[in-house]
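Visitor: To be precise about what I am sending: the file is called my_file-v8.cif and holds mmCIF, C-alpha atoms.
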```cif
data_run
loop_
_atom_site.label_atom_id
_atom_site.label_comp_id
_atom_site.auth_asym_id
_atom_site.auth_seq_id
_atom_site.Cartn_x
_atom_site.Cartn_y
_atom_site.Cartn_z
CA MET A 727 2.78 -17.51 -28.36
CA ALA A 728 3.59 -16.76 -24.73
CA GLU A 729 3.56 -20.02 -22.86
CA SER A 730 4.46 -20.38 -19.19
CA SER A 731 6.68 -23.30 -18.30
CA SER A 732 4.22 -24.57 -15.70
CA HIS A 733 1.97 -27.54 -16.40
CA SER A 734 -0.48 -26.66 -13.58
CA ALA A 735 -1.93 -23.63 -15.35
CA ALA A 736 -4.82 -21.85 -13.66
CA LEU A 737 -5.56 -20.13 -16.98
CA GLN A 738 -4.93 -21.63 -20.40
CA ILE A 739 -5.59 -19.69 -23.61
CA ASP A 740 -5.16 -21.54 -26.91
CA HIS A 741 -5.11 -19.83 -30.32
CA VAL A 742 -7.69 -17.18 -29.41
CA THR A 743 -8.85 -14.78 -32.12
CA LYS A 744 -11.53 -12.09 -31.91
CA ARG A 745 -12.98 -10.54 -35.05
CA TYR A 746 -15.61 -7.82 -35.34
CA GLY A 747 -17.79 -7.20 -38.42
CA SER A 748 -17.58 -9.18 -41.65
CA GLY A 749 -16.47 -8.87 -45.24
CA SER A 750 -14.74 -5.60 -46.13
CA THR A 751 -15.49 -4.09 -42.70
CA GLU A 752 -14.02 -7.02 -40.73
CA VAL A 753 -11.51 -6.06 -38.03
CA THR A 754 -9.32 -8.57 -36.16
CA ALA A 755 -8.83 -7.18 -32.64
CA VAL A 756 -6.95 -10.20 -31.24
CA ARG A 757 -5.07 -12.61 -33.49
CA ASP A 758 -4.13 -16.22 -32.59
CA VAL A 759 -3.04 -15.52 -29.00
CA SER A 760 -1.93 -18.35 -26.71
CA LEU A 761 -0.98 -17.94 -23.06
CA SER A 762 -0.61 -20.12 -19.98
CA VAL A 763 -0.69 -18.57 -16.47
CA SER A 764 0.24 -20.51 -13.33
CA PRO A 765 -1.31 -20.13 -9.85
CA GLY A 766 0.38 -17.20 -8.10
CA GLU A 767 1.89 -15.87 -11.34
CA ILE A 768 1.62 -12.18 -12.20
CA VAL A 769 1.55 -11.33 -15.91
CA LEU A 770 1.67 -7.74 -17.15
CA ILE A 771 0.35 -7.11 -20.67
CA MET A 772 1.49 -3.85 -22.24
CA GLY A 773 1.10 -2.31 -25.67
CA PRO A 774 -0.04 0.81 -27.52
CA SER A 775 -3.65 2.03 -27.52
CA GLY A 776 -5.80 0.01 -29.90
CA SER A 777 -3.53 -3.04 -29.69
CA GLY A 778 -6.30 -5.37 -28.46
CA LYS A 779 -5.50 -5.33 -24.73
CA THR A 780 -9.04 -4.49 -23.57
CA THR A 781 -10.61 -7.02 -25.97
CA LEU A 782 -8.24 -9.71 -24.69
CA LEU A 783 -8.98 -8.85 -21.04
CA SER A 784 -12.73 -8.94 -21.75
CA MET A 785 -12.40 -12.44 -23.22
CA LEU A 786 -10.29 -13.63 -20.28
CA GLY A 787 -12.97 -12.33 -17.89
CA ALA A 788 -15.76 -14.19 -19.76
CA LEU A 789 -17.32 -10.85 -20.77
CA LEU A 790 -16.74 -11.54 -24.47
CA LYS A 791 -16.59 -14.81 -26.42
CA PRO A 792 -13.66 -15.45 -28.77
CA THR A 793 -14.38 -15.94 -32.48
CA GLU A 794 -11.91 -18.83 -32.49
CA GLY A 795 -9.83 -20.69 -29.90
CA THR A 796 -10.45 -21.76 -26.31
CA ILE A 797 -10.05 -20.26 -22.84
CA GLN A 798 -9.81 -22.64 -19.88
CA LEU A 799 -9.93 -21.67 -16.21
CA ASN A 800 -9.10 -24.42 -13.69
CA GLY A 801 -9.78 -27.01 -16.40
CA THR A 802 -13.22 -25.62 -17.37
CA THR A 803 -13.49 -24.34 -20.95
CA ILE A 804 -15.25 -21.07 -20.11
CA SER A 805 -15.24 -19.93 -23.74
CA ALA A 806 -17.65 -22.79 -24.57
CA LEU A 807 -20.14 -22.21 -21.72
CA GLU A 808 -23.70 -21.04 -22.32
CA GLU A 809 -24.29 -17.33 -21.64
CA ASN A 810 -26.49 -18.07 -18.59
CA ARG A 811 -23.60 -19.92 -16.89
CA LEU A 812 -21.14 -17.03 -17.17
CA PRO A 813 -22.39 -14.58 -14.47
CA ASP A 814 -21.90 -17.24 -11.79
CA ILE A 815 -18.40 -18.10 -13.11
CA ARG A 816 -17.46 -14.40 -13.15
CA LEU A 817 -18.70 -13.95 -9.59
CA ARG A 818 -16.96 -16.99 -8.12
CA GLN A 819 -13.80 -17.41 -10.20
CA PHE A 820 -12.74 -13.86 -11.10
CA GLY A 821 -11.75 -10.71 -9.28
CA PHE A 822 -11.93 -7.52 -11.34
CA ILE A 823 -9.99 -4.30 -10.61
CA PHE A 824 -10.93 -1.27 -12.73
CA GLN A 825 -9.02 1.96 -13.36
CA ASP A 826 -11.89 4.13 -12.06
CA PHE A 827 -12.45 1.86 -9.02
CA ASN A 828 -16.23 1.37 -9.68
CA LEU A 829 -17.17 1.62 -6.00
CA LEU A 830 -20.82 2.13 -4.96
CA SER A 831 -21.02 5.64 -3.53
CA ALA A 832 -23.89 4.87 -1.11
CA LEU A 833 -21.94 2.07 0.60
CA THR A 834 -19.03 2.20 3.04
CA ALA A 835 -15.66 0.60 2.24
CA VAL A 836 -16.51 -2.57 4.15
CA GLU A 837 -19.98 -2.77 2.55
CA ASN A 838 -18.50 -2.34 -0.95
CA VAL A 839 -16.34 -5.41 -0.33
CA ALA A 840 -18.85 -7.51 1.64
CA ILE A 841 -21.60 -7.20 -0.98
CA VAL A 842 -19.50 -9.13 -3.53
CA GLY A 843 -18.91 -11.87 -0.97
CA GLU A 844 -22.64 -12.07 -0.28
CA LEU A 845 -23.44 -12.26 -4.02
CA ALA A 846 -20.93 -15.13 -4.27
CA GLY A 847 -22.84 -17.02 -1.57
CA ILE A 848 -21.01 -16.07 1.65
CA LYS A 849 -23.37 -15.43 4.60
CA SER A 850 -23.77 -11.75 5.47
CA GLY A 851 -21.91 -11.74 8.80
CA GLU A 852 -19.06 -13.85 7.45
CA ALA A 853 -18.80 -11.68 4.32
CA ARG A 854 -18.50 -8.57 6.49
CA ARG A 855 -15.84 -10.17 8.72
CA LYS A 856 -13.87 -11.28 5.69
CA ALA A 857 -14.18 -7.83 4.09
CA ALA A 858 -12.95 -6.14 7.28
CA ALA A 859 -10.00 -8.54 7.53
CA LEU A 860 -8.96 -7.91 3.91
CA LEU A 861 -9.27 -4.14 4.25
CA THR A 862 -7.24 -4.25 7.46
CA GLU A 863 -4.52 -6.25 5.71
CA LEU A 864 -4.51 -3.60 2.98
CA GLY A 865 -3.94 -0.87 5.59
CA LEU A 866 -7.52 0.46 5.79
CA LYS A 867 -8.45 -0.52 9.36
CA GLU A 868 -9.37 3.09 10.19
CA ARG A 869 -11.42 3.54 7.00
CA LEU A 870 -13.87 0.61 7.14
CA ASP A 871 -16.94 2.81 7.63
CA PHE A 872 -15.93 5.60 5.25
CA ARG A 873 -17.87 6.11 2.03
CA PRO A 874 -15.88 6.44 -1.23
CA GLU A 875 -16.06 10.26 -1.33
CA LYS A 876 -14.11 10.37 1.96
CA LEU A 877 -11.33 8.12 0.61
CA SER A 878 -8.22 9.10 -1.38
CA GLY A 879 -7.54 7.55 -4.80
CA GLY A 880 -5.06 5.11 -3.28
CA GLU A 881 -7.53 4.10 -0.57
CA LYS A 882 -10.27 3.54 -3.16
CA GLN A 883 -7.94 1.29 -5.14
CA ARG A 884 -7.21 -0.75 -1.99
CA VAL A 885 -10.95 -1.19 -1.47
CA ALA A 886 -11.20 -2.31 -5.11
CA ILE A 887 -8.43 -4.89 -4.52
CA ALA A 888 -10.15 -6.18 -1.35
CA ARG A 889 -13.39 -6.48 -3.33
CA ALA A 890 -11.54 -8.46 -6.04
CA LEU A 891 -10.14 -10.85 -3.40
CA VAL A 892 -13.18 -11.42 -1.19
CA ASN A 893 -14.65 -14.27 -3.28
CA ASP A 894 -11.32 -16.22 -3.30
CA PRO A 895 -10.96 -15.93 -7.10
CA THR A 896 -8.71 -18.14 -9.21
CA LEU A 897 -7.83 -15.19 -11.43
CA ILE A 898 -7.59 -11.43 -10.81
CA LEU A 899 -7.91 -9.18 -13.86
CA ALA A 900 -6.76 -5.56 -13.51
CA ASP A 901 -7.45 -2.98 -16.22
CA GLU A 902 -5.07 0.03 -15.99
CA PRO A 903 -5.17 -0.19 -12.17
CA THR A 904 -2.70 2.68 -11.60
CA ALA A 905 -4.11 5.09 -14.21
CA ASN A 906 -5.79 7.37 -11.64
CA LEU A 907 -3.01 7.22 -9.03
CA ASP A 908 0.30 9.01 -8.70
CA SER A 909 3.25 6.77 -9.50
CA LYS A 910 4.48 6.21 -5.93
CA ILE A 911 1.05 5.23 -4.57
CA GLY A 912 0.28 3.14 -7.67
CA HIS A 913 3.52 1.22 -7.33
CA GLU A 914 3.03 0.61 -3.60
CA ILE A 915 -0.49 -0.75 -4.19
CA MET A 916 0.69 -3.03 -7.00
CA ARG A 917 3.43 -4.39 -4.71
CA LEU A 918 0.73 -5.06 -2.12
CA LEU A 919 -1.38 -6.89 -4.71
CA ARG A 920 1.69 -8.93 -5.70
CA ARG A 921 2.38 -9.98 -2.10
CA ILE A 922 -1.20 -11.11 -1.46
CA ALA A 923 -1.45 -12.90 -4.83
CA LYS A 924 1.79 -14.79 -4.12
CA GLU A 925 0.74 -15.71 -0.56
CA GLN A 926 -2.70 -16.93 -1.68
CA GLY A 927 -1.66 -18.50 -5.02
CA ARG A 928 -3.94 -16.25 -7.09
CA SER A 929 -3.06 -15.64 -10.74
CA VAL A 930 -3.06 -11.98 -11.78
CA ILE A 931 -3.22 -10.44 -15.25
CA ILE A 932 -2.67 -6.69 -15.43
CA VAL A 933 -3.22 -4.62 -18.55
CA SER A 934 -1.38 -1.31 -18.27
CA HIS A 935 0.58 1.46 -20.00
CA ASP A 936 2.47 2.09 -16.76
CA GLN A 937 6.14 1.18 -17.30
CA ARG A 938 6.82 1.79 -13.60
CA ILE A 939 5.00 -1.34 -12.44
CA LYS A 940 7.02 -3.75 -14.62
CA ASP A 941 9.05 -4.85 -11.61
CA ILE A 942 6.03 -6.41 -9.85
CA ALA A 943 5.39 -8.81 -12.75
CA ASP A 944 6.82 -12.29 -13.30
CA ARG A 945 6.42 -11.80 -17.05
CA VAL A 946 5.78 -8.78 -19.25
CA LEU A 947 4.06 -9.42 -22.59
CA TRP A 948 3.89 -6.86 -25.40
CA LEU A 949 0.64 -6.89 -27.40
CA GLU A 950 0.59 -5.06 -30.72
CA ASP A 951 -1.88 -5.38 -33.61
CA GLY A 952 -3.66 -8.08 -31.60
CA GLU A 953 -0.58 -10.32 -31.29
CA PHE A 954 2.12 -10.92 -28.67
CA LYS A 955 5.30 -9.50 -30.20
CA GLU A 956 7.78 -10.15 -27.43
CA THR A 957 8.05 -11.44 -23.90
CA VAL A 958 10.11 -9.79 -21.20
CA THR A 959 11.16 -12.37 -18.61
CA MET A 960 11.62 -11.01 -15.12
CA ALA A 961 13.97 -12.31 -12.43
CA ILE A 962 14.31 -11.46 -8.73
CA ASP A 963 17.53 -9.77 -7.55
CA PRO A 964 18.59 -12.04 -4.63
CA ILE A 965 20.09 -9.09 -2.72
CA CYS A 966 17.47 -6.29 -2.86
CA GLY A 967 14.42 -8.38 -3.89
CA MET A 968 13.60 -6.19 -6.91
CA SER A 969 12.19 -7.68 -10.11
CA VAL A 970 14.55 -7.02 -13.03
CA GLU A 971 14.34 -7.70 -16.77
CA ARG A 972 16.71 -10.58 -17.47
CA GLU A 973 17.77 -9.10 -20.80
CA LYS A 974 18.86 -5.81 -19.17
CA ALA A 975 20.01 -7.12 -15.78
CA VAL A 976 23.55 -7.51 -14.45
CA HIS A 977 24.19 -11.24 -14.81
CA LEU A 978 26.25 -13.72 -12.81
CA ASN A 979 26.73 -17.43 -13.45
CA TRP A 980 27.95 -19.21 -10.34
CA GLU A 981 28.60 -22.94 -10.46
CA GLY A 982 26.15 -23.38 -13.33
CA GLN A 983 23.38 -21.30 -11.70
CA ASP A 984 22.27 -17.98 -13.26
CA TYR A 985 21.61 -14.94 -11.07
CA TYR A 986 20.32 -11.51 -12.12
CA PHE A 987 20.84 -8.15 -10.40
CA CYS A 988 19.53 -4.60 -10.71
CA ALA A 989 23.07 -3.16 -10.41
CA LYS A 990 26.73 -4.12 -10.09
CA GLY A 991 26.65 -3.24 -6.40
CA CYS A 992 24.08 -6.00 -5.70
CA ARG A 993 26.12 -8.47 -7.75
CA SER A 994 29.32 -7.61 -5.81
CA GLU A 995 27.52 -8.02 -2.50
CA PHE A 996 26.16 -11.40 -3.65
CA GLU A 997 29.61 -12.55 -4.83
CA ASP A 998 31.10 -11.59 -1.45
CA LYS A 999 28.39 -13.68 0.29
CA LEU A 1000 29.05 -16.69 -1.95
CA LYS A 1001 32.82 -16.44 -1.40
CA SER A 1002 32.40 -16.23 2.37
CA MET A 1003 30.23 -19.38 2.29
CA SER A 1004 32.59 -21.42 0.11
#
```
Hey, can you dump this file as structure tokens for me?
Guide:
Amino acid sequence: MAESSSHSAALQIDHVTKRYGSGSTEVTAVRDVSLSVSPGEIVLIMGPSGSGKTTLLSMLGALLKPTEGTIQLNGTTISALEENRLPDIRLRQFGFIFQDFNLLSALTAVENVAIVGELAGIKSGEARRKAAALLTELGLKERLDFRPEKLSGGEKQRVAIARALVNDPTLILADEPTANLDSKIGHEIMRLLRRIAKEQGRSVIIVSHDQRIKDIADRVLWLEDGEFKETVTMAIDPICGMSVEREKAVHLNWEGQDYYFCAKGCRSEFEDKLKSMS
């Protein structure tokens, strides 16, 4: 179980199991998983290869139906919908970010983003304007008319993020989004995704092996043998703004309120501020 404390969940997963095969060849890829994700919350799911992360992400994205349990998005039980209803739900409610970017090589950056908006029902001119605005916000103003082969890995990933955002999705699903990027660029882009998701109230679920992006998540879940084994709860250092693991952070309780810091220096600075105010 890995419940969020919020009651206004954008995504609600209840006792989801996925089995493949039957009899002696039956394999349980995901086992009795429950999860609640609030609007604007960023959840990072980590775990070893073969732990069920991709299967879980596929079910959350309505690409795969669970064997048991329910998945609700904005109050709609998507796991119970007929197959012919799912493409429209995927197009309008989800944004997908893939590790190999999946951009169309014949289209420019702005066209790669606009086409998803058009498929979701936005008029062509409006879709292009929206795509250009998103790409500009992601730092690609000078690259709108470049085709993918002219873009760096980091630039391609920014295009992929803009494409995931253009249809105003409830939920963004990212599969190993930093796998093909060096760590500095990958971390910068994930921070950018975090900022936009928070500003727009979009829920984000990231599946990754990349330990270096833990600090952009509100929660880190560990999936092993198809089950959540532990939850790492993150807190924001009030001095430097970094996300820190509560269990490993430098802690301060001040007048009944708990604060968490990345280092003693930040805690000292915070204590000095509190003392000067009291």
Visitor: Taking only residues of region 946-994 of chain A that have an atom at most 12 Å from an atom of region 906-925 of chain A, what is each one's shortest atom pair and its distance in Å to one decimal, using all atoms listed in the file, in chain and number order, as CSV?
Guide:
```
residue,atom,partner,partner_atom,distance
A:Gly967,CA,A:Arg917,CA,11.7
A:Met968,CA,A:Arg917,CA,10.6
A:Ser969,CA,A:Arg917,CA,10.8
```
Visitor: Lys791 (chain A): which residues within 10 Å, counting only C-alpha atoms, same-chain residues fewer than 4 positions away excluded, as an mmCIF file with C-alpha atoms, keeping the file's coordinate frame?
Guide:
```
data_model
loop_
_atom_site.group_PDB
_atom_site.id
_atom_site.type_symbol
_atom_site.label_atom_id
_atom_site.label_comp_id
_atom_site.auth_asym_id
_atom_site.auth_seq_id
_atom_site.Cartn_x
_atom_site.Cartn_y
_atom_site.Cartn_z
ATOM 1 C CA VAL A 742 -7.690 -17.180 -29.410
ATOM 2 C CA THR A 743 -8.850 -14.780 -32.120
ATOM 3 C CA LYS A 744 -11.530 -12.090 -31.910
ATOM 4 C CA THR A 781 -10.610 -7.020 -25.970
ATOM 5 C CA LEU A 782 -8.240 -9.710 -24.690
ATOM 6 C CA SER A 784 -12.730 -8.940 -21.750
ATOM 7 C CA MET A 785 -12.400 -12.440 -23.220
ATOM 8 C CA LEU A 786 -10.290 -13.630 -20.280
ATOM 9 C CA GLY A 787 -12.970 -12.330 -17.890
ATOM 10 C CA GLY A 795 -9.830 -20.690 -29.900
ATOM 11 C CA THR A 796 -10.450 -21.760 -26.310
ATOM 12 C CA ILE A 797 -10.050 -20.260 -22.840
ATOM 13 C CA ILE A 804 -15.250 -21.070 -20.110
ATOM 14 C CA SER A 805 -15.240 -19.930 -23.740
ATOM 15 C CA ALA A 806 -17.650 -22.790 -24.570
ATOM 16 C CA LEU A 807 -20.140 -22.210 -21.720
ATOM 17 C CA GLU A 809 -24.290 -17.330 -21.640
#
```
Visitor: Given the file shown, determine the residues that the PyMOL selection byres ((chain A and resi 864) around 8) selects; report them as JSON, numbers by chain.
Guide: {"A": [860, 861, 862, 863, 865, 866, 884, 888, 918]}
Visitor: Using only C-alpha atoms, which protein or nucleic acid residues come within 10 Å of Val958 (chain A)? Drop anything in the same chain fewer than 6 positions from it, and give the result as a list in words.
Guide: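 Near Val958 (chain A), the qualifying residues are Leu770, Lys940, Ala943, Asp944, Arg945, Val946, Leu947, Trp948, Val970, Glu971, Arg972, Glu973 and Lys974 of chain A.
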Visitor: Can you work out the spacing between CA of Glu868 (chain A) and CA of Val839 (chain A) in Å, to one decimal?
Guide: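 These atoms are spaced 15.2 Å apart.
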Visitor: Have a look at A:Pro895, A:Gly778, A:Gly747, A:Gly773 and name the one nearest to Ala846 (chain A); count all atoms listed in the file.
Guide: A:Pro895
Visitor: Using the chain letters and numbering of this document, enumerate as a list in words the residues selected by the PyMOL selection byres ((chain A and resi 829) around 8).
Guide: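 Matching residues under the PyMOL selection byres ((chain A and resi 829) around 8) are Phe827, Asn828, Leu830, Ser831, Asn838, Pro874, Lys882 and Ala886 of chain A.
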Visitor: Have a look at CA of Ile932 (chain A) and CA of Leu817 (chain A) and let me know their distance in Å, one decimal.
Guide: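 Rounded to one decimal, the two atoms are 18.5 Å apart.
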